>>> print(open('my_file_3.cif').read())   # mmCIF, C-alpha atoms
data_coords
loop_
_atom_site.label_atom_id
_atom_site.label_comp_id
_atom_site.auth_asym_id
_atom_site.auth_seq_id
_atom_site.Cartn_x
_atom_site.Cartn_y
_atom_site.Cartn_z
CA MET Y 14 11.96 35.24 -4.60
CA LYS Y 15 11.77 38.41 -2.52
CA LYS Y 16 14.86 39.21 -0.59
CA ILE Y 17 14.92 39.90 3.12
CA GLY Y 18 15.83 43.54 2.57
CA ILE Y 19 12.58 44.07 0.69
CA LEU Y 20 10.69 42.37 3.50
CA ILE Y 21 12.23 44.69 6.05
CA ILE Y 22 11.20 47.71 3.97
CA GLY Y 23 7.70 46.25 3.93
CA LEU Y 24 7.80 46.04 7.70
CA VAL Y 25 8.69 49.71 7.94
CA LEU Y 26 5.72 50.62 5.73
CA LEU Y 27 3.42 48.48 7.84
CA THR Y 28 4.48 49.96 11.16
CA GLY Y 29 4.92 53.56 9.95
CA CYS Y 30 8.18 53.96 11.81
CA VAL Y 31 11.07 51.95 13.16
CA GLU Y 32 11.04 51.77 16.93
CA GLU Y 33 13.20 50.01 19.45
CA ARG Y 34 11.86 46.56 20.26
CA ASN Y 35 12.67 43.71 22.59
CA THR Y 36 14.59 41.13 20.53
CA SER Y 37 14.92 38.55 23.31
CA ASN Y 38 13.22 35.24 22.67
CA LYS Y 39 12.88 32.67 25.41
CA ILE Y 40 14.07 29.25 24.30
CA PHE Y 41 11.43 26.74 25.38
CA ASP Y 42 10.15 23.26 24.56
CA PRO Y 43 6.52 23.21 23.36
CA PHE Y 44 6.41 19.45 23.87
CA GLN Y 45 7.76 19.45 27.41
CA THR Y 46 4.75 17.53 28.73
CA SER Y 47 4.51 15.14 25.76
CA ILE Y 48 5.82 11.60 25.90
CA LYS Y 49 9.50 11.76 24.92
CA VAL Y 50 11.92 9.12 23.71
CA GLU Y 51 13.71 7.81 26.77
CA SER Y 52 17.30 6.64 27.04
CA GLN Y 53 17.89 2.92 27.32
CA PHE Y 54 20.92 1.86 29.34
CA PHE Y 55 22.85 -1.38 28.94
CA ASP Y 56 25.49 -2.55 31.41
CA LEU Y 57 28.16 -4.34 29.37
CA ASP Y 58 30.48 -4.78 32.35
CA THR Y 59 33.75 -6.37 31.17
CA ILE Y 60 32.38 -8.65 28.42
CA SER Y 61 34.22 -8.89 25.09
CA LEU Y 62 31.31 -8.96 22.63
CA LYS Y 63 27.55 -8.78 22.71
CA GLU Y 64 24.52 -8.20 20.48
CA ILE Y 65 22.41 -5.45 22.05
CA GLU Y 66 18.82 -4.90 20.92
CA GLY Y 67 16.83 -1.73 21.62
CA LYS Y 68 13.10 -1.62 22.34
CA LYS Y 69 12.35 -0.50 18.77
CA GLY Y 70 14.51 -3.12 17.09
CA THR Y 71 17.91 -1.44 16.66
CA LYS Y 72 20.72 -3.97 17.06
CA ILE Y 73 24.23 -2.94 18.08
CA TYR Y 74 27.11 -5.39 17.81
CA PHE Y 75 29.48 -4.49 20.62
CA LEU Y 76 33.12 -5.50 20.25
CA ARG Y 77 35.31 -4.49 23.17
CA GLU Y 78 38.50 -4.28 21.12
CA SER Y 79 36.96 -1.39 19.12
CA PHE Y 80 37.61 0.87 22.14
CA ASP Y 81 40.77 1.89 23.94
CA VAL Y 82 39.94 0.33 27.29
CA ASP Y 83 41.55 -2.03 29.79
CA SER Y 84 40.23 -5.54 30.29
CA THR Y 85 38.87 -4.59 33.72
CA ASP Y 86 37.06 -1.40 32.64
CA LYS Y 87 33.28 -1.62 32.97
CA ILE Y 88 31.49 -0.29 29.91
CA SER Y 89 27.93 0.99 29.57
CA LEU Y 90 25.82 1.98 26.56
CA GLU Y 91 23.14 4.65 26.31
CA LEU Y 92 20.76 4.19 23.35
CA LYS Y 93 17.89 6.33 22.05
CA GLU Y 94 15.72 5.33 19.07
CA PHE Y 95 13.60 7.67 16.92
CA TYR Y 96 11.72 5.99 14.06
CA THR Y 97 8.67 8.24 13.57
CA ILE Y 98 8.34 11.86 12.49
CA SER Y 99 6.35 12.46 15.69
CA ASP Y 100 9.35 11.34 17.76
CA LEU Y 101 11.62 13.65 15.78
CA ILE Y 102 9.36 16.70 16.15
CA LYS Y 103 8.65 16.19 19.86
CA ASN Y 104 12.37 15.86 20.55
CA ASN Y 105 13.26 18.73 18.14
CA ILE Y 106 15.52 16.60 15.96
CA ARG Y 107 15.42 18.68 12.79
CA THR Y 108 16.06 17.08 9.40
CA ILE Y 109 18.37 19.67 7.88
CA THR Y 110 22.09 19.71 7.18
CA GLN Y 111 24.61 22.27 8.35
CA ASP Y 112 24.52 23.59 4.76
CA ASN Y 113 20.73 24.11 4.89
CA GLU Y 114 19.93 21.06 2.76
CA LEU Y 115 16.60 19.40 3.52
CA LEU Y 116 16.63 15.72 4.47
CA GLU Y 117 13.98 13.05 4.88
CA SER Y 118 14.71 10.72 7.76
CA SER Y 119 14.20 6.98 7.92
CA GLY Y 120 15.36 6.85 11.52
CA VAL Y 121 17.67 8.40 14.10
CA ILE Y 122 19.57 6.79 16.95
CA TYR Y 123 21.84 8.09 19.68
CA LEU Y 124 24.77 5.90 20.76
CA ASN Y 125 26.98 6.74 23.72
CA PHE Y 126 29.47 4.29 25.22
CA THR Y 127 31.09 5.15 28.54
CA LYS Y 128 33.57 3.63 30.97
CA ASN Y 129 33.17 4.73 34.57
CA GLY Y 130 31.13 7.70 33.33
CA GLU Y 131 33.78 8.79 30.80
CA GLU Y 132 32.62 9.03 27.17
CA LEU Y 133 34.35 6.62 24.78
CA LYS Y 134 35.21 6.98 21.11
CA LEU Y 135 35.99 4.31 18.55
CA LYS Y 136 39.63 3.61 17.86
CA ASP Y 137 41.05 4.97 14.62
CA SER Y 138 40.23 2.78 11.61
CA THR Y 139 37.60 0.81 13.54
CA THR Y 140 33.84 0.67 13.11
CA ILE Y 141 30.82 -0.49 15.05
CA ARG Y 142 28.12 -2.51 13.34
CA VAL Y 143 24.48 -1.46 13.73
CA ARG Y 144 21.41 -3.12 12.21
CA PHE Y 145 18.47 -0.75 11.72
CA PRO Y 146 14.88 -2.13 11.75
CA ILE Y 147 14.14 -0.39 8.43
CA SER Y 148 14.58 -1.02 4.74
CA LEU Y 149 17.38 0.92 3.09
CA SER Y 150 17.35 2.34 -0.43
CA LYS Y 151 20.23 3.48 -2.61
CA GLN Y 152 19.26 7.10 -1.85
CA ASP Y 153 19.87 6.66 1.89
CA LYS Y 154 23.01 8.04 3.48
CA ILE Y 155 24.38 8.18 7.01
CA PHE Y 156 24.70 11.49 8.84
CA ASN Y 157 26.19 12.59 12.16
CA GLY Y 158 24.35 15.23 14.17
CA LYS Y 159 25.47 18.18 16.27
CA ILE Y 160 23.37 20.22 18.69
CA ASP Y 161 24.08 23.95 19.05
CA SER Y 162 23.77 26.23 22.08
CA ILE Y 163 19.99 26.61 21.67
CA SER Y 164 19.37 22.87 21.25
CA GLN Y 165 19.00 22.98 17.46
CA MET Y 166 20.18 19.92 15.53
CA SER Y 167 22.03 19.93 12.21
CA TRP Y 168 23.53 17.05 10.23
CA SER Y 169 26.61 16.33 8.16
CA GLU Y 170 27.19 13.30 5.96
CA THR Y 171 29.62 10.79 7.42
CA GLU Y 172 31.52 7.77 6.19
CA ALA Y 173 29.75 4.46 6.69
CA TYR Y 174 29.74 1.00 5.15
CA PHE Y 175 26.93 -1.48 4.66
CA MET Y 176 27.45 -5.13 5.37
CA VAL Y 177 26.15 -7.79 3.00
CA LEU Y 178 26.45 -11.53 3.32
CA ARG Y 179 27.54 -13.53 0.31
CA PHE Y 180 27.64 -17.30 0.07
CA ASN Y 181 31.22 -18.53 -0.36
CA LYS Y 182 31.23 -21.71 -2.46
CA LYS Y 183 34.74 -22.66 -1.41
CA TYR Y 184 34.06 -22.59 2.34
CA GLN Y 185 30.29 -23.23 2.03
CA ILE Y 186 29.41 -20.44 4.46
CA ASP Y 187 28.02 -16.88 4.36
CA MET Y 188 30.79 -14.28 4.54
CA GLY Y 189 30.34 -10.61 5.34
CA TYR Y 190 31.52 -7.77 3.09
CA ASN Y 191 31.44 -4.02 3.69
CA VAL Y 192 30.15 -2.09 0.65
CA THR Y 193 28.89 1.40 -0.06
CA LEU Y 194 25.13 1.90 -0.18
CA ASP Y 195 24.98 2.47 -3.93
CA SER Y 196 26.35 -1.08 -4.36
CA LEU Y 197 23.45 -2.69 -2.51
CA PRO Y 198 21.15 -3.25 -5.52
CA TYR Y 199 23.89 -5.32 -7.16
CA TYR Y 200 24.22 -7.58 -4.13
CA GLN Y 201 20.46 -7.86 -3.67
CA GLU Y 202 20.12 -9.06 -7.25
CA LEU Y 203 23.06 -11.41 -6.78
CA TRP Y 204 21.31 -13.06 -3.84
CA ARG Y 205 18.19 -13.59 -5.88
CA LYS Y 206 20.22 -15.29 -8.62
CA GLN Y 207 21.78 -17.51 -5.98
CA ASP Y 208 18.43 -18.29 -4.42
CA SER Y 209 18.79 -22.08 -4.79
CA ILE Y 210 22.11 -22.01 -2.95
CA TYR Y 211 20.74 -19.66 -0.30
CA GLU Y 212 17.66 -21.77 0.40
CA GLU Y 213 19.88 -24.71 1.22
CA THR Y 214 21.51 -22.71 4.02
CA VAL Y 215 18.61 -20.73 5.51
CA GLU Y 216 15.53 -22.54 4.11
CA SER Y 217 13.63 -19.35 3.31
CA TYR Y 218 13.73 -16.92 0.39
CA ASN Y 219 12.32 -14.19 2.68
CA ASN Y 220 15.52 -14.19 4.71
CA ILE Y 221 17.46 -12.76 1.78
CA ASP Y 222 16.33 -9.17 2.33
CA LYS Y 223 16.94 -9.53 6.07
CA LYS Y 224 20.55 -10.40 5.35
CA VAL Y 225 21.30 -7.80 2.71
CA GLY Y 226 21.89 -4.15 3.47
CA ALA Y 227 20.39 -4.00 6.95
CA ALA Y 228 23.69 -3.76 8.82
CA VAL Y 229 25.76 -0.57 8.78
CA SER Y 230 29.38 -0.23 9.89
CA LEU Y 231 29.61 3.19 11.55
CA THR Y 232 32.82 5.17 11.90
CA ASN Y 233 31.37 7.57 14.50
CA LEU Y 234 29.13 7.42 17.55
CA GLY Y 235 26.70 9.98 18.98
CA TRP Y 236 23.73 11.13 16.89
CA ILE Y 237 23.25 8.93 13.80
CA ASN Y 238 20.64 9.60 11.10
CA VAL Y 239 19.64 7.41 8.14
CA ASP Y 240 18.54 10.05 5.65
CA ARG Y 241 18.08 10.90 2.02
CA PHE Y 242 18.34 14.32 0.41
CA VAL Y 243 15.01 15.86 -0.57
CA GLU Y 244 15.16 16.76 -4.24
CA LYS Y 245 14.72 20.30 -5.51
CA PRO Y 246 13.26 22.29 -2.63
CA THR Y 247 13.20 26.04 -3.21
CA THR Y 248 14.24 28.49 -0.49
CA ARG Y 249 12.10 31.39 0.63
CA ASP Y 250 12.35 34.33 3.04
CA PHE Y 251 9.41 35.10 5.31
CA LEU Y 252 8.32 38.04 7.44
CA LEU Y 253 5.66 37.28 10.04
CA THR Y 254 4.21 39.96 12.31
CA ASN Y 255 2.86 38.85 15.68
CA SER Y 256 0.64 41.14 17.75
CA LEU Y 257 0.39 38.83 20.78
CA GLU Y 258 2.88 39.53 23.57
CA VAL Y 259 4.67 36.25 24.27
CA GLU Y 260 7.75 35.30 26.27
CA GLY Y 261 9.05 32.99 23.57
CA ILE Y 262 8.18 31.72 20.11
CA VAL Y 263 9.40 28.87 17.91
CA MET Y 264 8.64 28.46 14.20
CA TYR Y 265 8.28 24.99 12.70
CA VAL Y 266 8.29 24.17 8.98
CA VAL Y 267 6.56 20.88 8.16
CA TYR Y 268 6.06 19.06 4.88
CA GLU Y 269 3.01 16.96 4.02
CA ASN Y 270 3.78 13.26 3.43
CA LEU Y 271 7.48 13.68 4.25
CA ASN Y 272 9.41 12.62 7.36
CA SER Y 273 10.99 16.06 7.35
CA PHE Y 274 10.78 19.25 9.37
CA THR Y 275 12.89 22.14 10.55
CA SER Y 276 12.50 24.68 13.32
CA TYR Y 277 13.72 28.18 14.11
CA TYR Y 278 13.99 30.37 17.20
CA PRO Y 279 13.82 33.92 15.76
CA ASP Y 280 15.51 36.82 17.54
CA ASP Y 281 12.28 38.79 17.78
CA THR Y 282 8.90 37.51 18.97
CA LYS Y 283 6.93 40.28 17.21
CA ASN Y 284 8.56 40.87 13.83
CA ILE Y 285 9.77 37.43 12.83
CA ILE Y 286 12.23 37.09 9.97
CA LEU Y 287 13.02 33.66 8.52
CA THR Y 288 15.59 33.39 5.73
CA ASP Y 289 16.43 30.63 3.25
CA VAL Y 290 13.63 28.33 4.41
CA PRO Y 291 13.40 25.10 2.33
CA VAL Y 292 9.94 24.98 0.75
CA LEU Y 293 8.07 22.32 -1.24
CA GLU Y 294 4.46 21.94 -2.31
CA ASN Y 295 2.13 21.61 0.69
CA THR Y 296 4.57 23.20 3.14
CA SER Y 297 3.18 24.69 6.35
CA LEU Y 298 4.52 27.09 8.97
CA ILE Y 299 3.49 26.36 12.56
CA ALA Y 300 4.12 29.11 15.11
CA VAL Y 301 4.10 28.13 18.80
CA GLY Y 302 4.37 30.79 21.50
CA ILE Y 303 4.34 30.69 25.29
CA LYS Y 304 3.10 33.20 27.87
CA ASN Y 305 2.66 32.51 31.58
CA LYS Y 306 3.03 28.76 30.87
CA GLN Y 307 0.13 28.89 28.38
CA LEU Y 308 0.85 27.71 24.82
CA TYR Y 309 -0.44 29.59 21.77
CA ALA Y 310 -0.23 28.33 18.20
CA GLN Y 311 -1.24 28.78 14.57
CA LYS Y 312 -0.70 26.75 11.41
CA ILE Y 313 -0.36 28.54 8.05
CA LEU Y 314 -0.14 26.86 4.65
CA VAL Y 315 2.71 28.43 2.70
CA GLU Y 316 1.46 29.77 -0.60
CA ASP Y 317 2.71 32.81 -2.53
CA LYS Y 318 2.84 35.33 0.32
CA ASP Y 319 6.16 36.17 1.92
CA SER Y 320 4.62 38.57 4.48
CA LEU Y 321 2.14 37.04 6.92
CA GLN Y 322 0.19 38.20 9.97
CA LEU Y 323 0.04 35.76 12.88
CA SER Y 324 -3.07 35.30 14.99
CA LEU Y 325 -1.94 32.96 17.75
CA GLN Y 326 -4.67 31.16 19.70
CA PRO Y 327 -4.52 29.36 23.08
CA ILE Y 328 -3.89 25.64 22.71
CA ASN Y 329 -3.36 22.66 24.99
CA GLN Y 330 -0.84 19.87 24.53
CA THR Y 331 -3.30 17.42 22.96
CA GLU Y 332 -4.48 20.04 20.47
CA LEU Y 333 -0.87 20.94 19.66
CA ASP Y 334 -0.06 17.30 18.84
CA LYS Y 335 -3.08 17.18 16.50
CA LEU Y 336 -2.04 20.46 14.84
CA PHE Y 337 1.16 18.80 13.63
CA GLY Y 338 -0.82 15.79 12.45
CA LYS Y 339 2.28 13.61 12.65
#
>>> encode(input="my_file_3.cif", output="structure tokens")
Amino acid sequence: MKKIGILIIGLVLLTGCVEERNTSNKIFDPFQTSIKVESQFFDLDTISLKEIEGKKGTKIYFLRESFDVDSTDKISLELKEFYTISDLIKNNIRTITQDNELLESSGVIYLNFTKNGEELKLKDSTTIRVRFPISLSKQDKIFNGKIDSISQMSWSETEAYFMVLRFNKKYQIDMGYNVTLDSLPYYQELWRKQDSIYEETVESYNNIDKKVGAAVSLTNLGWINVDRFVEKPTTRDFLLTNSLEVEGIVMYVVYENLNSFTSYYPDDTKNIILTDVPVLENTSLIAVGIKNKQLYAQKILVEDKDSLQLSLQPINQTELDKLFGK
């Protein structure tokens, strides 16, 4: 893999000399006019417990005693749900960790509880139970997200537990247990072995998978991502030269057949340097620039070249959505 220093030398050879250049890059949203994921608000008032269901099927099990509040405090919940790669891209929710590890997302939610407009946190040693409308595998993990000063998201793995229901012969009822995700296959198989007992209580074999592994006990609020690590991506450095004068430019890296992407706002809009970019087979770079409110874009399939020449073309919002093909 060529190092960035070699790429910079290549830039000098291409330009013939090093001259002072404008390194300012306007931070902008290429999908400003696209349909975005909207916040859903729930007024919980002073109730003690409630099952809350979002428009896309996320269920949150609110328990008032999980928060340090008075009995008369009125509590509200803000929820956002992102279950498609299109939603993630249009809202710039990158799937990359703070250590530059590539992730593939199964879904992202945003949870924010408030009392009288003041943000609430869970009490120490308490959790909140969330049921995602997705199937979980043993590779899935739970991540918390942080947004930096230029609205770029990064993720870090967080502690979470997965609730399973197991039939208790003594009390003749289903009882909940918190387990780690890698234990789920064991409990799923256990349910199948106990199918005859389970059918007596719920009358349907198909309900087994609905009961096992769908509920997660979260230890943190805010941005929550159900993700798995993408195996064995390589990292590459890129130098892209752009001859079109633009006010701002953003570089997207997308992966065919993966719910994964990352994005970068380079310092320079003309000589663009990207370092340590996760790359797989069938990876593409998509450059999107803006000038006088007009969008310009180009999609380049990443092959063996580390130095690339951009040729940005005018594009409208519908064409931009199709360019991502997500």
>>> resolve_selection(input="my_file_3.cif", expression="the PyMOL selection byres ((chain Y and resi 125) around 10)", output="PDB file with C-alpha atoms, keeping the file's coordinate frame")
ATOM      1  CA  PHE Y  54      20.920   1.860  29.340  1.00  0.00           C
ATOM      2  CA  SER Y  89      27.930   0.990  29.570  1.00  0.00           C
ATOM      3  CA  LEU Y  90      25.820   1.980  26.560  1.00  0.00           C
ATOM      4  CA  GLU Y  91      23.140   4.650  26.310  1.00  0.00           C
ATOM      5  CA  LEU Y  92      20.760   4.190  23.350  1.00  0.00           C
ATOM      6  CA  LYS Y  93      17.890   6.330  22.050  1.00  0.00           C
ATOM      7  CA  TYR Y 123      21.840   8.090  19.680  1.00  0.00           C
ATOM      8  CA  LEU Y 124      24.770   5.900  20.760  1.00  0.00           C
ATOM      9  CA  PHE Y 126      29.470   4.290  25.220  1.00  0.00           C
ATOM     10  CA  THR Y 127      31.090   5.150  28.540  1.00  0.00           C
ATOM     11  CA  GLU Y 132      32.620   9.030  27.170  1.00  0.00           C
ATOM     12  CA  LEU Y 133      34.350   6.620  24.780  1.00  0.00           C
ATOM     13  CA  LYS Y 134      35.210   6.980  21.110  1.00  0.00           C
ATOM     14  CA  LEU Y 234      29.130   7.420  17.550  1.00  0.00           C
ATOM     15  CA  GLY Y 235      26.700   9.980  18.980  1.00  0.00           C
ATOM     16  CA  TRP Y 236      23.730  11.130  16.890  1.00  0.00           C
TER      17      TRP Y 236
END
>>> closest_residue(input="my_file_3.cif", among="Y:Phe242, Y:Phe44, Y:Tyr277, Y:Phe337", to="Ile163 of chain Y", atoms="only C-alpha atoms")
Y:Tyr277
>>> resolve_selection(input="my_file_3.cif", expression="the PyMOL selection byres ((chain Y and resi 247) around 7)", output="ChimeraX atom specification")
/Y:245-246,248-249,291-293
>>> write_last_selection(input="my_file_3.cif", atoms="C-alpha atoms", output="short mmCIF file (atom, residue, chain, number, x, y, z; two decimals), in the coordinates of the input")
data_model
loop_
_atom_site.label_atom_id
_atom_site.label_comp_id
_atom_site.auth_asym_id
_atom_site.auth_seq_id
_atom_site.Cartn_x
_atom_site.Cartn_y
_atom_site.Cartn_z
CA LYS Y 245 14.72 20.30 -5.51
CA PRO Y 246 13.26 22.29 -2.63
CA THR Y 248 14.24 28.49 -0.49
CA ARG Y 249 12.10 31.39 0.63
CA PRO Y 291 13.40 25.10 2.33
CA VAL Y 292 9.94 24.98 0.75
CA LEU Y 293 8.07 22.32 -1.24
#
>>> residues_near_point(input="my_file_3.cif", point="(14.6, 31.0, 5.5)", cutoff="8 Å", atoms="only C-alpha atoms", output="PyMOL selection string")
chain Y and resi 248-251+286-291
>>> resolve_selection(input="my_file_3.cif", expression="the PyMOL selection byres ((chain Y and resi 71) around 6)", output="VMD selection string")
chain Y and resid 66 to 67 70 72 144 to 146
>>> axis_aligned_box(input="my_file_3.cif", around="segment 45-52 of chain Y", padding_each_side="6 Å", output="lines of an AutoDock Vina configuration file")
center_x = 10.9
center_y = 13.0
center_z = 26.2
size_x = 24.8
size_y = 24.8
size_z = 17.0
>>> residues_around(input="my_file_3.cif", residues="Val315 of chain Y", least_positions_apart="5", cutoff="7 Å", atoms="all atoms listed in the file", output="number ranges by chain")
Y: 296-298
>>> atom_distance(input="my_file_3.cif", atom1="atom CA of Ser119 of chain Y", atom2="atom CA of Val143 of chain Y")
14.5 Å
>>> residues_around(input="my_file_3.cif", residues="segment 79-84 of chain Y", least_positions_apart="5", cutoff="9 Å", atoms="all atoms listed in the file", output="PyMOL selection string")
chain Y and resi 59-61+128+133-137+139-141
